[in-house]
Amino acid sequence: MKKKLLSALLSAAMVATLLVGCGGAGAAAPAATEEAPAATEEAAPAEDTAAEAEAEAPADASGAGKKVAVAMPTQSSERWINDGANMKSQLEALGYEVDLQYAEDDVQMQVSQIENMIAAGADCLVIAAIDSDALVNVEAQAKEAGIPVIAYDRLLMNTDAVSYYATFDNKGVGTKIGEYIKEHAGGEGLDAVKAAGESMTIEFLMGSPDDNNALMLYNGLMEVLQPYLDDGTLVCKSGRTSFEDTCILRWSQETAQQNCENYLTGFYADEKLDICATAFDGFAYGCKAALEGAGYKVGEDWPLITGQDAELMATKNIIAGSQTMSIYKDTRLLADKCVTMVQAVLEGAEPEINDTEQYNNGKLVVPSYLCTPVAVDKDNYKEIIVDGGYYTEEQLAD
Ligand code: BGC
């Protein structure tokens, strides 16, 4: 923390040369991270869900004979492995045949996978897009073939082929991260920092510009934090606070680490970085590596670090103190809501919808179900995550 008036005034040009922005990562898929646990390790929630779903499955499983194709973005992040496993097990428990495919953050690969799914006679497509705008043609093909499309977690943009959208309250994710910072920064929150006439330094690492969720998160976050940036309680020494300047293509952990390293060497040689406002657990891992490299120590000068997804590794890091919080998204619930949408389009059932306003994809407002994200930290992870059956104490202790 430092007294006001010390806001950094280094030029934007200098920043530009130091940082890899949205376009900088190219189309390369983020490498699987060292910290990302192996697929089998975090399959537990999915298995629990499978067991539950099986128990609930009707004797005459209604999906018998129908094929549901599920296109997922990547296995490099744990959450999507859980999402895929949950979808597969819940659909299979209802008697559907499931074709689950991951495209490893390669847009063209996802396009080909969906083309193949259509050719193979899928009855319904569930898509978590890599680039939400890049699937317009293949979605049109699905529509022409009479195959309903459901958007999973990420909105499918600029298409009228999508019937429903199952997701989390994406702006709410940003608001919750912002509120967490507001209430916890400096120990007693930003209002206390302000009342003491002090300030805190902050840097932002935001999501992929081709993912509608990323901008919504940013907007929710800034709704809470902008007033503190405006009045100098929060000081972003790099000057990079806009979405354009802070977004990271394909949610790349490597780029996040590189950006954080560049922030630290470029702007924080004489003053500590107090807050890493990141939009994803993968970014929090990147910041952790950068901070360790720069000599920061947990329990001493370690910043407040935010994340999203409450991955197993992130939850372990929260317990160890090297990440402060994350946003828990129960992927079992999301899969459950999405499955009701599959049943709706294939069997004429009524899906549960709770938002018919927020998700305009450029062609239509997509009827959506928004699950509620929850902020987790060391004080409530047991209650939310362990008691909620998402991870066991044993998994967290490993
Ligand atoms: C999801 C987040 C996830 C991010 C990176 C977003 O679309 O909503 O939960 O952290 O993608 O995978």
# chains A, B, ... in the order shown; residues from 1 in each chain; ligands from 1

$ residues_near_ligand --ligand "ligand 1" --cutoff "10 Å" --atoms "only C-alpha atoms and all ligand atoms" --output "number ranges by chain"
A: 73-80, 105, 128-132, 152-155, 167-170, 173, 206-208, 210-214, 216-217, 250-253, 279-283, 307-311, 327-329, 331, 373

$ write_last_selection --atoms "C-alpha atoms" --output "PDB file, in the first residue's frame"
ATOM      1  CA  PRO A  73     -13.454 -26.369 -26.077  1.00  0.00           C
ATOM      2  CA  THR A  74     -10.414 -27.828 -24.341  1.00  0.00           C
ATOM      3  CA  GLN A  75      -9.081 -30.328 -21.850  1.00  0.00           C
ATOM      4  CA  SER A  76      -6.276 -27.988 -20.794  1.00  0.00           C
ATOM      5  CA  SER A  77      -8.484 -26.573 -18.063  1.00  0.00           C
ATOM      6  CA  GLU A  78     -10.040 -28.804 -15.476  1.00  0.00           C
ATOM      7  CA  ARG A  79     -13.471 -27.240 -15.530  1.00  0.00           C
ATOM      8  CA  TRP A  80     -14.213 -28.369 -19.093  1.00  0.00           C
ATOM      9  CA  ASP A 105      -8.749 -24.576 -28.286  1.00  0.00           C
ATOM     10  CA  ALA A 128     -19.317 -24.811 -25.698  1.00  0.00           C
ATOM     11  CA  ALA A 129     -17.580 -22.674 -28.312  1.00  0.00           C
ATOM     12  CA  ILE A 130     -13.914 -21.797 -28.499  1.00  0.00           C
ATOM     13  CA  ASP A 131     -14.613 -18.707 -30.604  1.00  0.00           C
ATOM     14  CA  SER A 132     -18.284 -17.830 -30.204  1.00  0.00           C
ATOM     15  CA  TYR A 152     -23.335 -24.503 -23.269  1.00  0.00           C
ATOM     16  CA  ASP A 153     -21.752 -21.951 -20.895  1.00  0.00           C
ATOM     17  CA  ARG A 154     -20.601 -19.654 -23.729  1.00  0.00           C
ATOM     18  CA  LEU A 155     -23.176 -17.879 -25.896  1.00  0.00           C
ATOM     19  CA  THR A 167     -24.763 -20.803 -18.331  1.00  0.00           C
ATOM     20  CA  PHE A 168     -23.846 -19.018 -15.130  1.00  0.00           C
ATOM     21  CA  ASP A 169     -24.681 -15.399 -14.428  1.00  0.00           C
ATOM     22  CA  ASN A 170     -21.577 -14.139 -16.213  1.00  0.00           C
ATOM     23  CA  VAL A 173     -19.201 -13.572 -11.753  1.00  0.00           C
ATOM     24  CA  MET A 206      -9.230 -10.574 -18.231  1.00  0.00           C
ATOM     25  CA  GLY A 207     -10.710 -13.316 -20.418  1.00  0.00           C
ATOM     26  CA  SER A 208     -10.719 -14.046 -24.119  1.00  0.00           C
ATOM     27  CA  ASP A 210     -13.873 -14.106 -28.556  1.00  0.00           C
ATOM     28  CA  ASP A 211     -15.830 -15.308 -25.515  1.00  0.00           C
ATOM     29  CA  ASN A 212     -18.914 -13.240 -24.687  1.00  0.00           C
ATOM     30  CA  ASN A 213     -18.559 -14.269 -21.029  1.00  0.00           C
ATOM     31  CA  ALA A 214     -15.265 -12.417 -20.734  1.00  0.00           C
ATOM     32  CA  MET A 216     -19.673  -9.569 -19.274  1.00  0.00           C
ATOM     33  CA  LEU A 217     -17.366 -10.512 -16.405  1.00  0.00           C
ATOM     34  CA  ARG A 250      -8.047 -18.146 -25.544  1.00  0.00           C
ATOM     35  CA  TRP A 251      -7.709 -17.683 -21.795  1.00  0.00           C
ATOM     36  CA  SER A 252      -4.000 -18.581 -22.083  1.00  0.00           C
ATOM     37  CA  GLN A 253      -2.261 -19.201 -18.766  1.00  0.00           C
ATOM     38  CA  ALA A 279     -10.829 -13.728 -14.417  1.00  0.00           C
ATOM     39  CA  PHE A 280      -9.754 -17.385 -14.364  1.00  0.00           C
ATOM     40  CA  ASP A 281      -7.958 -19.866 -12.109  1.00  0.00           C
ATOM     41  CA  GLY A 282      -5.471 -20.503 -14.931  1.00  0.00           C
ATOM     42  CA  PHE A 283      -4.527 -16.812 -14.801  1.00  0.00           C
ATOM     43  CA  GLY A 307      -9.810 -16.500 -10.004  1.00  0.00           C
ATOM     44  CA  GLN A 308     -12.747 -18.317 -11.504  1.00  0.00           C
ATOM     45  CA  ASP A 309     -13.937 -21.954 -11.570  1.00  0.00           C
ATOM     46  CA  ALA A 310     -12.719 -23.174  -8.166  1.00  0.00           C
ATOM     47  CA  GLU A 311     -10.613 -25.819  -9.888  1.00  0.00           C
ATOM     48  CA  ILE A 327     -15.705 -18.314  -8.196  1.00  0.00           C
ATOM     49  CA  TYR A 328     -17.275 -21.698  -7.635  1.00  0.00           C
ATOM     50  CA  LYS A 329     -19.411 -22.841 -10.534  1.00  0.00           C
ATOM     51  CA  THR A 331     -20.765 -27.799 -13.277  1.00  0.00           C
ATOM     52  CA  PRO A 373     -21.874 -18.331  -9.121  1.00  0.00           C
TER      53      PRO A 373
END

$ residues_around --residues "A:Ile305" --least-positions-apart "5" --cutoff "6 Å" --atoms "only C-alpha atoms" --output "list in words"
Cys276, Gln323 and Thr324 of chain A

$ write_last_selection --atoms "all heavy atoms" --output "PDB file, in the first residue's frame"
ATOM      1  N   CYS A 276      -4.017  -8.848  -7.788  1.00  0.00           N
ATOM      2  CA  CYS A 276      -4.107  -9.370  -9.155  1.00  0.00           C
ATOM      3  C   CYS A 276      -5.569  -9.716  -9.379  1.00  0.00           C
ATOM      4  O   CYS A 276      -6.063 -10.723  -8.843  1.00  0.00           O
ATOM      5  CB  CYS A 276      -3.289 -10.651  -9.320  1.00  0.00           C
ATOM      6  SG  CYS A 276      -1.526 -10.441  -9.089  1.00  0.00           S
ATOM      7  N   GLN A 323      -3.531 -18.360  -3.490  1.00  0.00           N
ATOM      8  CA  GLN A 323      -4.626 -17.732  -4.245  1.00  0.00           C
ATOM      9  C   GLN A 323      -5.639 -17.313  -3.186  1.00  0.00           C
ATOM     10  O   GLN A 323      -5.816 -18.023  -2.181  1.00  0.00           O
ATOM     11  CB  GLN A 323      -5.235 -18.717  -5.258  1.00  0.00           C
ATOM     12  CG  GLN A 323      -6.323 -18.093  -6.121  1.00  0.00           C
ATOM     13  CD  GLN A 323      -6.763 -19.003  -7.289  1.00  0.00           C
ATOM     14  OE1 GLN A 323      -5.978 -19.795  -7.802  1.00  0.00           O
ATOM     15  NE2 GLN A 323      -8.019 -18.880  -7.695  1.00  0.00           N
ATOM     16  N   THR A 324      -6.290 -16.178  -3.386  1.00  0.00           N
ATOM     17  CA  THR A 324      -7.152 -15.693  -2.308  1.00  0.00           C
ATOM     18  C   THR A 324      -8.582 -16.195  -2.431  1.00  0.00           C
ATOM     19  O   THR A 324      -9.199 -16.585  -1.445  1.00  0.00           O
ATOM     20  CB  THR A 324      -7.147 -14.148  -2.285  1.00  0.00           C
ATOM     21  OG1 THR A 324      -5.804 -13.704  -2.412  1.00  0.00           O
ATOM     22  CG2 THR A 324      -7.755 -13.627  -0.992  1.00  0.00           C
TER      23      THR A 324
END

$ atom_distance --atom1 "atom CA of A:Leu370" --atom2 "atom CA of A:Tyr180"
20.7 Å

$ select_by_dssp --residues "stretch 176-369 of chain A" --states "strand (DSSP E)" --output "list of chain:residue names"
A:Glu198, A:Ser199, A:Met200, A:Thr201, A:Ile202, A:Glu203, A:Phe204, A:Leu205, A:Leu234, A:Val235, A:Ile275, A:Cys276, A:Ala277, A:Thr278, A:Leu304, A:Ile305, A:Met325, A:Ser326, A:Ile327, A:Tyr328, A:Ser368, A:Tyr369

$ closest_residue --among "A:Thr255, A:Thr306, A:Gln113, A:Asn317" --to "A:Gly174" --atoms "only C-alpha atoms"
A:Thr306

$ select_by_dssp --residues "stretch 191-269 of chain A" --states "helix (DSSP H, G or I)" --output "PyMOL selection string"
chain A and resi 191-195+212-230+243-246+249-251+253-267

$ residues_around --residues "A:Ile319" --least-positions-apart "6" --cutoff "10 Å" --atoms "only C-alpha atoms" --output "PDB file with all heavy atoms, in the first residue's frame"
ATOM      1  N   MET A 313      -6.941 -27.518  -8.185  1.00  0.00           N
ATOM      2  CA  MET A 313      -5.656 -26.890  -7.873  1.00  0.00           C
ATOM      3  C   MET A 313      -5.860 -25.513  -7.241  1.00  0.00           C
ATOM      4  O   MET A 313      -5.159 -25.141  -6.295  1.00  0.00           O
ATOM      5  CB  MET A 313      -4.827 -26.774  -9.165  1.00  0.00           C
ATOM      6  CG  MET A 313      -3.472 -26.126  -8.991  1.00  0.00           C
ATOM      7  SD  MET A 313      -2.455 -26.935  -7.744  1.00  0.00           S
ATOM      8  CE  MET A 313      -2.062 -28.458  -8.604  1.00  0.00           C
ATOM      9  N   MET A 325      -9.096 -16.147  -3.638  1.00  0.00           N
ATOM     10  CA  MET A 325     -10.487 -16.571  -3.833  1.00  0.00           C
ATOM     11  C   MET A 325     -10.682 -17.116  -5.238  1.00  0.00           C
ATOM     12  O   MET A 325      -9.842 -16.927  -6.115  1.00  0.00           O
ATOM     13  CB  MET A 325     -11.456 -15.407  -3.577  1.00  0.00           C
ATOM     14  CG  MET A 325     -11.334 -14.226  -4.521  1.00  0.00           C
ATOM     15  SD  MET A 325     -12.245 -14.396  -6.089  1.00  0.00           S
ATOM     16  CE  MET A 325     -13.938 -14.220  -5.546  1.00  0.00           C
ATOM     17  N   ASP A 377     -13.500 -18.727  -0.607  1.00  0.00           N
ATOM     18  CA  ASP A 377     -12.155 -18.433  -0.102  1.00  0.00           C
ATOM     19  C   ASP A 377     -11.859 -19.403   1.033  1.00  0.00           C
ATOM     20  O   ASP A 377     -12.612 -20.365   1.236  1.00  0.00           O
ATOM     21  CB  ASP A 377     -12.018 -16.954   0.311  1.00  0.00           C
ATOM     22  CG  ASP A 377     -12.858 -16.607   1.534  1.00  0.00           C
ATOM     23  OD1 ASP A 377     -13.549 -17.496   2.083  1.00  0.00           O
ATOM     24  OD2 ASP A 377     -12.828 -15.433   1.949  1.00  0.00           O
ATOM     25  N   LYS A 378     -10.806 -19.147   1.786  1.00  0.00           N
ATOM     26  CA  LYS A 378     -10.418 -20.118   2.818  1.00  0.00           C
ATOM     27  C   LYS A 378     -11.479 -20.219   3.931  1.00  0.00           C
ATOM     28  O   LYS A 378     -11.549 -21.222   4.626  1.00  0.00           O
ATOM     29  CB  LYS A 378      -9.041 -19.779   3.400  1.00  0.00           C
ATOM     30  CG  LYS A 378      -8.956 -18.454   4.093  1.00  0.00           C
ATOM     31  CD  LYS A 378      -7.591 -18.264   4.711  1.00  0.00           C
ATOM     32  CE  LYS A 378      -7.367 -16.907   5.369  1.00  0.00           C
ATOM     33  NZ  LYS A 378      -8.409 -15.931   5.411  1.00  0.00           N
ATOM     34  N   ASP A 379     -12.301 -19.192   4.078  1.00  0.00           N
ATOM     35  CA  ASP A 379     -13.300 -19.214   5.152  1.00  0.00           C
ATOM     36  C   ASP A 379     -14.555 -20.016   4.812  1.00  0.00           C
ATOM     37  O   ASP A 379     -15.248 -20.472   5.714  1.00  0.00           O
ATOM     38  CB  ASP A 379     -13.720 -17.783   5.517  1.00  0.00           C
ATOM     39  CG  ASP A 379     -12.556 -17.016   6.124  1.00  0.00           C
ATOM     40  OD1 ASP A 379     -11.702 -17.661   6.761  1.00  0.00           O
ATOM     41  OD2 ASP A 379     -12.493 -15.783   5.941  1.00  0.00           O
ATOM     42  N   TYR A 381     -14.767 -22.386   1.913  1.00  0.00           N
ATOM     43  CA  TYR A 381     -14.642 -23.465   0.928  1.00  0.00           C
ATOM     44  C   TYR A 381     -15.178 -24.797   1.471  1.00  0.00           C
ATOM     45  O   TYR A 381     -15.748 -25.604   0.740  1.00  0.00           O
ATOM     46  CB  TYR A 381     -13.188 -23.621   0.435  1.00  0.00           C
ATOM     47  CG  TYR A 381     -12.297 -24.402   1.371  1.00  0.00           C
ATOM     48  CD1 TYR A 381     -12.171 -25.780   1.270  1.00  0.00           C
ATOM     49  CD2 TYR A 381     -11.601 -23.754   2.384  1.00  0.00           C
ATOM     50  CE1 TYR A 381     -11.370 -26.497   2.159  1.00  0.00           C
ATOM     51  CE2 TYR A 381     -10.817 -24.453   3.270  1.00  0.00           C
ATOM     52  CZ  TYR A 381     -10.704 -25.822   3.164  1.00  0.00           C
ATOM     53  OH  TYR A 381      -9.937 -26.521   4.043  1.00  0.00           O
ATOM     54  N   LEU A 396      -8.511 -32.630  -1.597  1.00  0.00           N
ATOM     55  CA  LEU A 396      -7.889 -31.339  -1.307  1.00  0.00           C
ATOM     56  C   LEU A 396      -6.592 -31.492  -0.521  1.00  0.00           C
ATOM     57  O   LEU A 396      -5.735 -30.618  -0.535  1.00  0.00           O
ATOM     58  CB  LEU A 396      -8.873 -30.429  -0.546  1.00  0.00           C
ATOM     59  CG  LEU A 396     -10.074 -29.985  -1.376  1.00  0.00           C
ATOM     60  CD1 LEU A 396     -11.127 -29.315  -0.498  1.00  0.00           C
ATOM     61  CD2 LEU A 396      -9.630 -29.029  -2.488  1.00  0.00           C
ATOM     62  N   ALA A 397      -6.462 -32.642   0.167  1.00  0.00           N
ATOM     63  CA  ALA A 397      -5.272 -32.855   0.988  1.00  0.00           C
ATOM     64  C   ALA A 397      -4.116 -33.442   0.191  1.00  0.00           C
ATOM     65  O   ALA A 397      -2.965 -33.379   0.605  1.00  0.00           O
ATOM     66  CB  ALA A 397      -5.631 -33.785   2.148  1.00  0.00           C
TER      67      ALA A 397
END

$ residues_around --residues "A:Glu352" --least-positions-apart "3" --cutoff "9 Å" --atoms "only C-alpha atoms" --output "MDAnalysis selection string"
chainID A and resid 337 340:341 368:369
